[in-house]
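Okay, final06.pdb now, which holds PDB, C-alpha atoms and all ligand atoms:
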ATOM      1  CA  GLN A   1       3.290 -18.431 -20.560
ATOM      2  CA  GLN A   2       5.834 -20.413 -18.640
ATOM      3  CA  TRP A   3       5.853 -17.706 -15.986
ATOM      4  CA  LEU A   4       2.113 -17.786 -15.658
ATOM      5  CA  GLN A   5       2.276 -21.513 -15.003
ATOM      6  CA  GLN A   6       5.082 -21.126 -12.486
ATOM      7  CA  ILE A   7       3.186 -18.439 -10.622
ATOM      8  CA  ARG A   8       0.027 -20.511 -10.583
ATOM      9  CA  LEU A   9       2.018 -23.416  -9.194
ATOM     10  CA  GLY A  10       3.677 -21.047  -6.728
ATOM     11  CA  LEU A  11       0.255 -20.010  -5.425
ATOM     12  CA  GLU A  12      -0.799 -23.647  -5.053
ATOM     13  CA  GLN A  13       2.452 -24.544  -3.320
ATOM     14  CA  ASP A  14       2.438 -21.576  -0.959
ATOM     15  CA  GLN A  15       5.623 -19.996  -2.322
ATOM     16  CA  PHE A  16       4.532 -16.380  -1.853
ATOM     17  CA  ARG A  17       5.083 -14.297   1.254
ATOM     18  CA  LEU A  18       4.029 -10.860   2.376
ATOM     19  CA  PHE A  19       6.677  -8.544   3.760
ATOM     20  CA  TYR A  20       5.506  -5.616   5.850
ATOM     21  CA  GLN A  21       6.771  -2.052   5.977
ATOM     22  CA  PRO A  22       5.790   0.025   9.031
ATOM     23  CA  LYS A  23       3.838   3.253   8.723
ATOM     24  CA  VAL A  24       4.429   5.592  11.629
ATOM     25  CA  ASN A  25       3.386   8.939  12.999
ATOM     26  CA  MET A  26       6.712  10.761  13.318
ATOM     27  CA  ARG A  27       5.360  13.257  15.848
ATOM     28  CA  THR A  28       3.775  10.817  18.301
ATOM     29  CA  GLY A  29       5.903   7.756  17.542
ATOM     30  CA  GLU A  30       2.782   5.692  17.003
ATOM     31  CA  VAL A  31       3.019   2.799  14.543
ATOM     32  CA  PHE A  32      -0.418   2.897  12.975
ATOM     33  CA  GLY A  33      -0.031   0.450  10.130
ATOM     34  CA  MET A  34       1.930  -1.807   7.852
ATOM     35  CA  GLU A  35       2.034  -1.959   4.061
ATOM     36  CA  ALA A  36       2.006  -5.515   2.738
ATOM     37  CA  LEU A  37       4.451  -6.111  -0.120
ATOM     38  CA  ILE A  38       4.555  -9.403  -1.929
ATOM     39  CA  ARG A  39       7.675 -11.574  -2.324
ATOM     40  CA  TRP A  40       8.132 -14.869  -4.116
ATOM     41  CA  VAL A  41      10.285 -17.514  -2.504
ATOM     42  CA  HIS A  42      11.143 -19.176  -5.784
ATOM     43  CA  PRO A  43      12.283 -22.805  -5.423
ATOM     44  CA  LYS A  44      15.328 -22.184  -7.658
ATOM     45  CA  LYS A  45      15.901 -18.421  -7.714
ATOM     46  CA  GLY A  46      15.258 -17.673  -4.036
ATOM     47  CA  LEU A  47      13.593 -14.481  -2.803
ATOM     48  CA  LEU A  48      12.177 -12.506  -5.739
ATOM     49  CA  SER A  49      11.008  -8.911  -5.575
ATOM     50  CA  PRO A  50       7.637  -8.113  -7.185
ATOM     51  CA  ILE A  51       9.359  -6.032  -9.858
ATOM     52  CA  HIS A  52      10.687  -9.337 -11.210
ATOM     53  CA  PHE A  53       7.353 -11.082 -11.569
ATOM     54  CA  LEU A  54       4.365  -8.745 -11.283
ATOM     55  CA  PRO A  55       5.043  -7.028 -14.616
ATOM     56  CA  LEU A  56       5.026 -10.457 -16.297
ATOM     57  CA  ILE A  57       1.465 -11.144 -15.224
ATOM     58  CA  GLU A  58       0.086  -7.637 -15.654
ATOM     59  CA  GLY A  59      -3.265  -7.773 -17.390
ATOM     60  CA  SER A  60      -3.717 -11.531 -17.068
ATOM     61  CA  GLU A  61      -6.270 -13.317 -14.887
ATOM     62  CA  ILE A  62      -3.575 -14.635 -12.586
ATOM     63  CA  GLU A  63      -2.994 -11.068 -11.417
ATOM     64  CA  ILE A  64      -6.428 -11.299  -9.828
ATOM     65  CA  ASP A  65      -5.610 -14.621  -8.158
ATOM     66  CA  VAL A  66      -2.483 -13.032  -6.722
ATOM     67  CA  GLY A  67      -4.515 -10.036  -5.543
ATOM     68  CA  ASN A  68      -6.973 -12.313  -3.765
ATOM     69  CA  TRP A  69      -4.143 -14.254  -2.161
ATOM     70  CA  VAL A  70      -2.641 -10.967  -0.934
ATOM     71  CA  MET A  71      -5.909  -9.746   0.598
ATOM     72  CA  ARG A  72      -6.527 -13.051   2.376
ATOM     73  CA  SER A  73      -2.987 -13.289   3.690
ATOM     74  CA  ALA A  74      -3.191  -9.720   4.942
ATOM     75  CA  MET A  75      -6.438 -10.543   6.786
ATOM     76  CA  GLN A  76      -4.817 -13.568   8.360
ATOM     77  CA  GLN A  77      -1.899 -11.436   9.535
ATOM     78  CA  LEU A  78      -4.248  -8.757  10.866
ATOM     79  CA  GLN A  79      -5.881 -11.454  12.969
ATOM     80  CA  VAL A  80      -2.514 -12.545  14.382
ATOM     81  CA  TRP A  81      -1.504  -8.982  15.265
ATOM     82  CA  HIS A  82      -4.877  -8.045  16.705
ATOM     83  CA  ASP A  83      -4.796 -11.201  18.841
ATOM     84  CA  GLU A  84      -1.449  -9.930  20.146
ATOM     85  CA  GLY A  85      -3.073  -6.614  21.029
ATOM     86  CA  LYS A  86      -1.451  -4.699  18.145
ATOM     87  CA  GLU A  87      -4.345  -2.760  16.638
ATOM     88  CA  ILE A  88      -2.648  -1.671  13.446
ATOM     89  CA  GLU A  89      -4.042  -1.400   9.935
ATOM     90  CA  VAL A  90      -2.657  -3.334   6.993
ATOM     91  CA  SER A  91      -2.648  -1.934   3.490
ATOM     92  CA  VAL A  92      -2.437  -3.963   0.313
ATOM     93  CA  ASN A  93      -1.659  -2.836  -3.230
ATOM     94  CA  VAL A  94      -4.494  -3.388  -5.669
ATOM     95  CA  ALA A  95      -3.772  -4.017  -9.351
ATOM     96  CA  SER A  96      -5.873  -1.838 -11.624
ATOM     97  CA  LEU A  97      -7.105  -4.879 -13.566
ATOM     98  CA  HIS A  98      -8.482  -6.307 -10.326
ATOM     99  CA  LEU A  99     -10.005  -3.011  -9.254
ATOM    100  CA  GLN A 100     -11.797  -2.762 -12.582
ATOM    101  CA  SER A 101     -12.976  -6.359 -12.698
ATOM    102  CA  ALA A 102     -16.683  -7.020 -12.234
ATOM    103  CA  HIS A 103     -16.160  -9.078  -9.081
ATOM    104  CA  PHE A 104     -13.729  -6.844  -7.189
ATOM    105  CA  ILE A 105     -16.248  -5.910  -4.476
ATOM    106  CA  ASP A 106     -17.164  -9.572  -4.004
ATOM    107  CA  ASP A 107     -13.479 -10.468  -3.731
ATOM    108  CA  VAL A 108     -12.865  -7.855  -1.045
ATOM    109  CA  GLU A 109     -15.972  -8.978   0.795
ATOM    110  CA  ALA A 110     -14.846 -12.611   0.630
ATOM    111  CA  ALA A 111     -11.401 -11.704   1.985
ATOM    112  CA  LEU A 112     -13.008  -9.777   4.867
ATOM    113  CA  ALA A 113     -15.299 -12.720   5.572
ATOM    114  CA  THR A 114     -12.320 -15.002   6.199
ATOM    115  CA  HIS A 115     -11.749 -13.056   9.442
ATOM    116  CA  ALA A 116     -15.113 -11.610  10.241
ATOM    117  CA  ASP A 117     -14.206 -10.391  13.730
ATOM    118  CA  ILE A 118     -11.596  -7.980  12.380
ATOM    119  CA  ASP A 119     -13.175  -4.563  11.810
ATOM    120  CA  SER A 120     -12.947  -3.955   8.055
ATOM    121  CA  ARG A 121     -11.533  -0.462   8.544
ATOM    122  CA  TYR A 122      -8.222  -2.117   9.429
ATOM    123  CA  LEU A 123      -7.868  -3.274   5.839
ATOM    124  CA  GLN A 124      -6.684  -0.532   3.523
ATOM    125  CA  LEU A 125      -6.621  -0.783  -0.254
ATOM    126  CA  GLU A 126      -3.841   1.153  -1.978
ATOM    127  CA  ILE A 127      -4.798   2.233  -5.436
ATOM    128  CA  VAL A 128      -2.029   3.364  -7.703
ATOM    129  CA  GLU A 129      -2.741   6.775  -8.991
ATOM    130  CA  THR A 130      -0.567   6.400 -12.086
ATOM    131  CA  SER A 131      -2.204   3.267 -13.420
ATOM    132  CA  ALA A 132      -4.459   4.212 -16.272
ATOM    133  CA  LEU A 133      -7.444   4.428 -13.996
ATOM    134  CA  GLY A 134      -9.730   4.017 -16.979
ATOM    135  CA  ASP A 135     -13.234   5.235 -16.380
ATOM    136  CA  ILE A 136     -13.085   7.496 -13.364
ATOM    137  CA  GLY A 137     -16.850   7.330 -12.844
ATOM    138  CA  ALA A 138     -16.781   3.541 -12.608
ATOM    139  CA  ILE A 139     -13.721   3.507 -10.346
ATOM    140  CA  SER A 140     -15.264   6.109  -8.124
ATOM    141  CA  LYS A 141     -18.343   3.878  -7.681
ATOM    142  CA  VAL A 142     -16.221   0.866  -6.772
ATOM    143  CA  ILE A 143     -14.256   2.889  -4.242
ATOM    144  CA  LYS A 144     -17.407   4.300  -2.725
ATOM    145  CA  LEU A 145     -18.866   0.791  -2.339
ATOM    146  CA  CYS A 146     -15.647  -0.465  -0.765
ATOM    147  CA  ARG A 147     -15.816   2.365   1.717
ATOM    148  CA  ASP A 148     -19.508   2.718   2.436
ATOM    149  CA  LEU A 149     -20.702  -0.854   2.018
ATOM    150  CA  LEU A 150     -17.677  -2.857   3.128
ATOM    151  CA  GLY A 151     -16.055  -0.305   5.427
ATOM    152  CA  VAL A 152     -12.487  -0.755   4.170
ATOM    153  CA  SER A 153     -10.262   2.273   3.847
ATOM    154  CA  ILE A 154      -8.737   3.498   0.614
ATOM    155  CA  ALA A 155      -5.415   5.165  -0.110
ATOM    156  CA  LEU A 156      -4.333   6.889  -3.313
ATOM    157  CA  ASP A 157      -0.810   5.566  -3.879
ATOM    158  CA  ASP A 158       2.097   7.336  -5.634
ATOM    159  CA  PHE A 159       0.078  10.532  -5.441
ATOM    160  CA  GLY A 160       1.257  13.325  -7.699
ATOM    161  CA  THR A 161       2.770  11.167 -10.415
ATOM    162  CA  GLY A 162      -0.391  10.630 -12.452
ATOM    163  CA  TYR A 163      -1.814  12.792 -15.185
ATOM    164  CA  SER A 164      -4.916  13.692 -13.241
ATOM    165  CA  SER A 165      -3.975  13.732  -9.590
ATOM    166  CA  LEU A 166      -6.313  16.568  -8.715
ATOM    167  CA  THR A 167      -9.229  14.966 -10.545
ATOM    168  CA  HIS A 168      -8.559  11.789  -8.591
ATOM    169  CA  LEU A 169      -8.325  13.667  -5.324
ATOM    170  CA  ARG A 170     -11.582  15.393  -6.075
ATOM    171  CA  HIS A 171     -13.601  12.400  -7.327
ATOM    172  CA  LEU A 172     -12.184   9.374  -5.533
ATOM    173  CA  THR A 173     -13.215   9.325  -1.911
ATOM    174  CA  ALA A 174      -9.962   7.941  -0.576
ATOM    175  CA  SER A 175      -9.330   8.538   3.117
ATOM    176  CA  THR A 176      -5.581   8.700   2.599
ATOM    177  CA  ILE A 177      -3.125  10.148   0.114
ATOM    178  CA  LYS A 178       0.372   8.723  -0.175
ATOM    179  CA  ILE A 179       2.872  11.281  -1.464
ATOM    180  CA  ASP A 180       5.091   9.609  -4.017
ATOM    181  CA  GLN A 181       8.620   8.879  -2.873
ATOM    182  CA  THR A 182      10.286  10.750  -5.740
ATOM    183  CA  PHE A 183       9.031  14.088  -4.359
ATOM    184  CA  VAL A 184      10.057  13.148  -0.834
ATOM    185  CA  ARG A 185      13.537  12.100  -1.891
ATOM    186  CA  ASP A 186      14.167  15.111  -4.104
ATOM    187  CA  MET A 187      12.756  17.795  -1.809
ATOM    188  CA  LEU A 188      16.032  17.930   0.148
ATOM    189  CA  ASP A 189      17.868  19.294  -2.899
ATOM    190  CA  ASP A 190      15.062  20.833  -4.868
ATOM    191  CA  PRO A 191      12.842  23.528  -3.344
ATOM    192  CA  GLN A 192      10.231  22.875  -6.019
ATOM    193  CA  ASP A 193       9.781  19.344  -4.754
ATOM    194  CA  TYR A 194       9.412  20.652  -1.229
ATOM    195  CA  THR A 195       6.759  23.021  -2.529
ATOM    196  CA  ILE A 196       4.905  20.063  -4.032
ATOM    197  CA  VAL A 197       5.102  18.064  -0.801
ATOM    198  CA  ASP A 198       3.980  21.062   1.217
ATOM    199  CA  GLY A 199       1.164  21.732  -1.257
ATOM    200  CA  VAL A 200      -0.066  18.138  -1.202
ATOM    201  CA  SER A 201      -0.069  18.180   2.616
ATOM    202  CA  GLY A 202      -2.159  21.345   2.510
ATOM    203  CA  LEU A 203      -4.527  19.909  -0.065
ATOM    204  CA  ALA A 204      -4.954  16.752   1.975
ATOM    205  CA  GLU A 205      -5.850  18.804   5.017
ATOM    206  CA  ALA A 206      -8.278  20.965   3.059
ATOM    207  CA  PHE A 207      -9.972  17.881   1.639
ATOM    208  CA  ASN A 208      -9.986  16.211   5.041
ATOM    209  CA  ARG A 209      -7.780  13.326   3.933
ATOM    210  CA  GLN A 210      -4.896  11.799   5.762
ATOM    211  CA  VAL A 211      -1.508  12.171   4.161
ATOM    212  CA  ILE A 212       1.463   9.793   4.311
ATOM    213  CA  ALA A 213       4.899  10.443   2.868
ATOM    214  CA  GLU A 214       6.620   7.499   1.242
ATOM    215  CA  GLY A 215      10.352   7.012   0.853
ATOM    216  CA  VAL A 216      11.523   8.725   4.037
ATOM    217  CA  GLU A 217      15.179   7.752   4.181
ATOM    218  CA  THR A 218      16.771  10.368   6.419
ATOM    219  CA  THR A 219      16.166  12.401   9.558
ATOM    220  CA  GLU A 220      16.343  15.588   7.464
ATOM    221  CA  SER A 221      13.501  14.501   5.235
ATOM    222  CA  GLY A 222      11.487  13.518   8.311
ATOM    223  CA  LEU A 223      11.993  16.982   9.794
ATOM    224  CA  MET A 224      11.099  18.735   6.550
ATOM    225  CA  LEU A 225       7.919  16.687   6.354
ATOM    226  CA  LEU A 226       6.963  17.654   9.885
ATOM    227  CA  MET A 227       7.476  21.297   8.894
ATOM    228  CA  SER A 228       5.084  20.839   6.019
ATOM    229  CA  GLY A 229       2.483  19.364   8.347
ATOM    230  CA  CYS A 230       2.906  15.778   7.202
ATOM    231  CA  GLU A 231       3.330  13.619  10.300
ATOM    232  CA  ARG A 232       2.805  10.202   8.843
ATOM    233  CA  ALA A 233       5.579   8.447   7.037
ATOM    234  CA  GLN A 234       7.010   5.279   5.674
ATOM    235  CA  GLY A 235      10.497   4.587   4.358
ATOM    236  CA  TYR A 236      13.844   2.882   4.733
ATOM    237  CA  GLY A 237      14.860   5.496   7.331
ATOM    238  CA  ILE A 238      12.119   4.113   9.583
ATOM    239  CA  ALA A 239      12.166   0.468   8.523
ATOM    240  CA  LYS A 240      12.558  -1.627   5.415
ATOM    241  CA  PRO A 241       9.882  -4.149   4.512
ATOM    242  CA  MET A 242      10.366  -7.231   6.714
ATOM    243  CA  PRO A 243       8.924 -10.710   7.056
ATOM    244  CA  ALA A 244       5.841 -10.950   9.277
ATOM    245  CA  GLU A 245       7.799 -12.922  11.886
ATOM    246  CA  GLU A 246      10.068  -9.929  12.473
ATOM    247  CA  VAL A 247       7.324  -7.382  12.912
ATOM    248  CA  LEU A 248       6.511  -8.035  16.579
ATOM    249  CA  ILE A 249      10.200  -7.837  17.468
ATOM    250  CA  TRP A 250      10.503  -4.593  15.514
ATOM    251  CA  LEU A 251       7.367  -3.153  17.154
ATOM    252  CA  ASN A 252       8.681  -3.923  20.615
ATOM    253  CA  ALA A 253      12.102  -2.418  19.844
ATOM    254  CA  TYR A 254      10.732   0.754  18.171
ATOM    255  CA  LYS A 255      10.299   3.967  20.210
TER
HETATM  256  O1  LIG B 301       8.071  -4.428  -2.377
HETATM  257  P1  LIG B 301       8.779  -3.515  -3.325
HETATM  258  O2  LIG B 301       9.195  -2.411  -2.567
HETATM  259  O3  LIG B 301       9.921  -4.088  -4.032
HETATM  260  O4  LIG B 301       7.646  -3.235  -4.424
HETATM  261  C1  LIG B 301       7.907  -2.943  -5.764
HETATM  262  C2  LIG B 301       6.625  -2.575  -6.452
HETATM  263  O5  LIG B 301       5.703  -3.675  -6.443
HETATM  264  C3  LIG B 301       5.896  -1.409  -5.806
HETATM  265  O6  LIG B 301       5.405  -0.558  -6.818
HETATM  266  C4  LIG B 301       4.753  -2.044  -5.087
HETATM  267  O7  LIG B 301       3.638  -1.214  -5.014
HETATM  268  C5  LIG B 301       4.463  -3.259  -5.944
HETATM  269  N1  LIG B 301       3.849  -4.315  -5.136
HETATM  270  C6  LIG B 301       4.367  -4.923  -4.049
HETATM  271  N2  LIG B 301       3.526  -5.843  -3.562
HETATM  272  C7  LIG B 301       2.422  -5.819  -4.357
HETATM  273  C8  LIG B 301       1.196  -6.534  -4.367
HETATM  274  O8  LIG B 301       0.907  -7.365  -3.514
HETATM  275  N3  LIG B 301       0.318  -6.236  -5.372
HETATM  276  C9  LIG B 301       0.584  -5.316  -6.324
HETATM  277  N4  LIG B 301      -0.335  -5.101  -7.267
HETATM  278  N5  LIG B 301       1.719  -4.601  -6.341
HETATM  279  C10 LIG B 301       2.634  -4.841  -5.370
HETATM  280  O1  LIG B 302       4.537   1.882  -5.231
HETATM  281  P1  LIG B 302       4.617   1.643  -3.777
HETATM  282  O2  LIG B 302       4.444   2.864  -2.987
HETATM  283  O3  LIG B 302       3.777   0.526  -3.267
HETATM  284  O4  LIG B 302       6.148   1.233  -3.588
HETATM  285  C1  LIG B 302       6.634   0.589  -2.519
HETATM  286  C2  LIG B 302       8.071   0.308  -2.899
HETATM  287  O5  LIG B 302       8.955   1.319  -2.383
HETATM  288  C3  LIG B 302       8.559  -0.996  -2.353
HETATM  289  O6  LIG B 302       9.388  -1.548  -3.320
HETATM  290  C4  LIG B 302       9.370  -0.555  -1.135
HETATM  291  O7  LIG B 302      10.335  -1.528  -0.804
HETATM  292  C5  LIG B 302       9.979   0.718  -1.653
HETATM  293  N1  LIG B 302      10.385   1.633  -0.590
HETATM  294  C6  LIG B 302       9.797   1.843   0.593
HETATM  295  N2  LIG B 302      10.463   2.776   1.311
HETATM  296  C7  LIG B 302      11.495   3.171   0.548
HETATM  297  C8  LIG B 302      12.558   4.111   0.749
HETATM  298  O8  LIG B 302      12.668   4.781   1.757
HETATM  299  N3  LIG B 302      13.444   4.245  -0.281
HETATM  300  C9  LIG B 302      13.338   3.537  -1.439
HETATM  301  N4  LIG B 302      14.258   3.739  -2.384
HETATM  302  N5  LIG B 302      12.352   2.647  -1.657
HETATM  303  C10 LIG B 302      11.446   2.462  -0.670
HETATM  304 NA    NA B 303       1.814   0.993  -2.250
END
Render the structure in this file as structure tokens.
Ligand code: G
Ligand code: G
Ligand code: NA
Amino acid sequence: QQWLQQIRLGLEQDQFRLFYQPKVNMRTGEVFGMEALIRWVHPKKGLLSPIHFLPLIEGSEIEIDVGNWVMRSAMQQLQVWHDEGKEIEVSVNVASLHLQSAHFIDDVEAALATHADIDSRYLQLEIVETSALGDIGAISKVIKLCRDLLGVSIALDDFGTGYSSLTHLRHLTASTIKIDQTFVRDMLDDPQDYTIVDGVSGLAEAFNRQVIAEGVETTESGLMLLMSGCERAQGYGIAKPMPAEEVLIWLNAYK
């Protein structure tokens, strides 16, 4: 209860920040996007990672307020980068409560409307595959509307860790699949994990979806991914999440 109040106050007092982690094409060197990850600059505790506060608000209305703040901030940042000539996409993580709320489409539309000259395809919604994605029929409708009506792109996050990954792949029209970082990390030591990564890359291609590997920490894992046909990646080996102010510097130094 106390946390909820603090977070509400934090939203009012502008205490949240988005950090951004680059998403790159390892073959071409292109930086095609950034994933937005929330941080809380707590007045007493300093910089807090989302693992320290998001679980506390899971399932409460404030989670939706946070989600709306994230989408709007991401749009604002997109505008800044596009004005600088950096035509990258920004992805945001969507809480399953928000996704399943009756006004999710309206919320996305309202966030897009705050920067109407940014093409909506530059906003990507990451939907966690593990979250009990309740009624798949209903979710699939919401995703389809987001895509076809609003023009935003959709990614299935943490792919492979859920109970029904293949059902999700089949029925949710996401443009992108993000291979969960546990497979990527473990594939160096465990051939079975490499087989999973390779299989997901193949599936993505067969289903005409883009695939991104998460958690790329080393050159070896980057090379193995390229062998499996997965060119797009994100991870500490490329860059850690950073404050927006550092992104332009990083972009100019990268390559
Ligand atoms: O940023 P970090 O790497 O510490 O993220 C930890 C977890 O919090 C990840 O699972 C990430 O997806 C989640 N997360 C980060 N930012 C957001 C956000 O804005 N909304 C939601 N729903 N989850 C987020
Ligand atoms: O669940 P999601 O994919 O949104 O998780 C993003 C989380 O993973 C963030 O906490 C981010 O900081 C973290 N992350 C990103 N790249 C790496 C990496 O290469 N290694 C590890 N251990 N964590 C990473
Ligand atoms: Na994510």
Please identify every polymer residue within 6 Å of ligand NA 303 (chain B), using only C-alpha atoms and all ligand atoms, and present the set as a PDB file with C-alpha atoms, in the coordinates of the input.
ATOM      1  CA  ASN A  93      -1.659  -2.836  -3.230  1.00  0.00           C
ATOM      2  CA  GLU A 126      -3.841   1.153  -1.978  1.00  0.00           C
ATOM      3  CA  ASP A 157      -0.810   5.566  -3.879  1.00  0.00           C
TER       4      ASP A 157
END
Taking all atoms listed in the file into account, list the residues no farther than 6 Å from ligand LIG 301 (chain B), as an mmCIF file with C-alpha atoms, in the frame of the given file.
data_model
loop_
_atom_site.group_PDB
_atom_site.id
_atom_site.type_symbol
_atom_site.label_atom_id
_atom_site.label_comp_id
_atom_site.auth_asym_id
_atom_site.auth_seq_id
_atom_site.Cartn_x
_atom_site.Cartn_y
_atom_site.Cartn_z
ATOM 1 C CA LEU A 37 4.451 -6.111 -0.120
ATOM 2 C CA ILE A 38 4.555 -9.403 -1.929
ATOM 3 C CA SER A 49 11.008 -8.911 -5.575
ATOM 4 C CA PRO A 50 7.637 -8.113 -7.185
ATOM 5 C CA ILE A 51 9.359 -6.032 -9.858
ATOM 6 C CA VAL A 70 -2.641 -10.967 -0.934
ATOM 7 C CA ASN A 93 -1.659 -2.836 -3.230
ATOM 8 C CA VAL A 94 -4.494 -3.388 -5.669
ATOM 9 C CA ALA A 95 -3.772 -4.017 -9.351
#
Original post:
Residues within 6 Å of ligand LIG 302 (chain B) (all atoms listed in the file), as an MDAnalysis selection string?
Top reply: chainID A and resid 157:158 215:217 235:236 241
May I have a table of the residues of segment 83-189 of chain A lying at most 12 Å from segment 12-19 of chain A, giving each one's closest pair of atoms and their distance in Å to one decimal, counting all atoms listed in the file, ordered by chain and ascending residue number, as a tab-separated table?
residue	atom	partner	partner_atom	distance
A:Val90	CA	A:Leu18	CA	11.1
A:Ser91	CA	A:Leu18	CA	11.2
A:Val92	CA	A:Leu18	CA	9.7
A:Asn93	CA	A:Leu18	CA	11.3
Selected residues written out with C-alpha atoms, as a short mmCIF file (atom, residue, chain, number, x, y, z; two decimals), in the frame of the given file:
data_model
loop_
_atom_site.label_atom_id
_atom_site.label_comp_id
_atom_site.auth_asym_id
_atom_site.auth_seq_id
_atom_site.Cartn_x
_atom_site.Cartn_y
_atom_site.Cartn_z
CA VAL A 90 -2.66 -3.33 6.99
CA SER A 91 -2.65 -1.93 3.49
CA VAL A 92 -2.44 -3.96 0.31
CA ASN A 93 -1.66 -2.84 -3.23
#
Subject >> Counting only C-alpha atoms, the residue of A:Arg209, A:Thr28, A:Asp148, A:Ser60 that sits nearest Arg170 of chain A >> reply: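 With only C-alpha atoms as the atom set, the closest residue is A:Arg209.
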**OP:** Find the residues around Ala213 of chain A up to 6 Å (only C-alpha atoms counted), leave out those fewer than 5 positions away in its own chain, and share them as a PyMOL selection string.
**Re:** chain A and resi 178-179+233
**OP:** Using the chain letters and residue numbers of this document, give as a PyMOL selection string the residues selected by the PyMOL selection byres (((chain A and resi 88) around 6) and not hetatm).
**Re:** chain A and resi 32-33+86-87+89
Subject >> Residues near Glu84 of chain A, cut-off 9 Å, only C-alpha atoms, skip fewer than 4 positions along chain, as an MDAnalysis selection string >> reply: chainID A and resid 79:80 248
Subject >> Residue with smallest distance to Gln100 of chain A - pool A:Leu125, A:Met187, A:Ile143, A:Ala116, counting all atoms listed in the file >> reply: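 Checking each of A:Leu125, A:Met187, A:Ile143, A:Ala116 against Gln100 of chain A, counting all atoms listed in the file, the winner is A:Ile143.
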Subject >> Residues within 10 Å of Arg147 of chain A, all atoms listed in the file, excluding chain neighbours under 6 positions, as a PyMOL selection string >> reply: chain A and resi 120-121+124-125+141+153-154+173-175
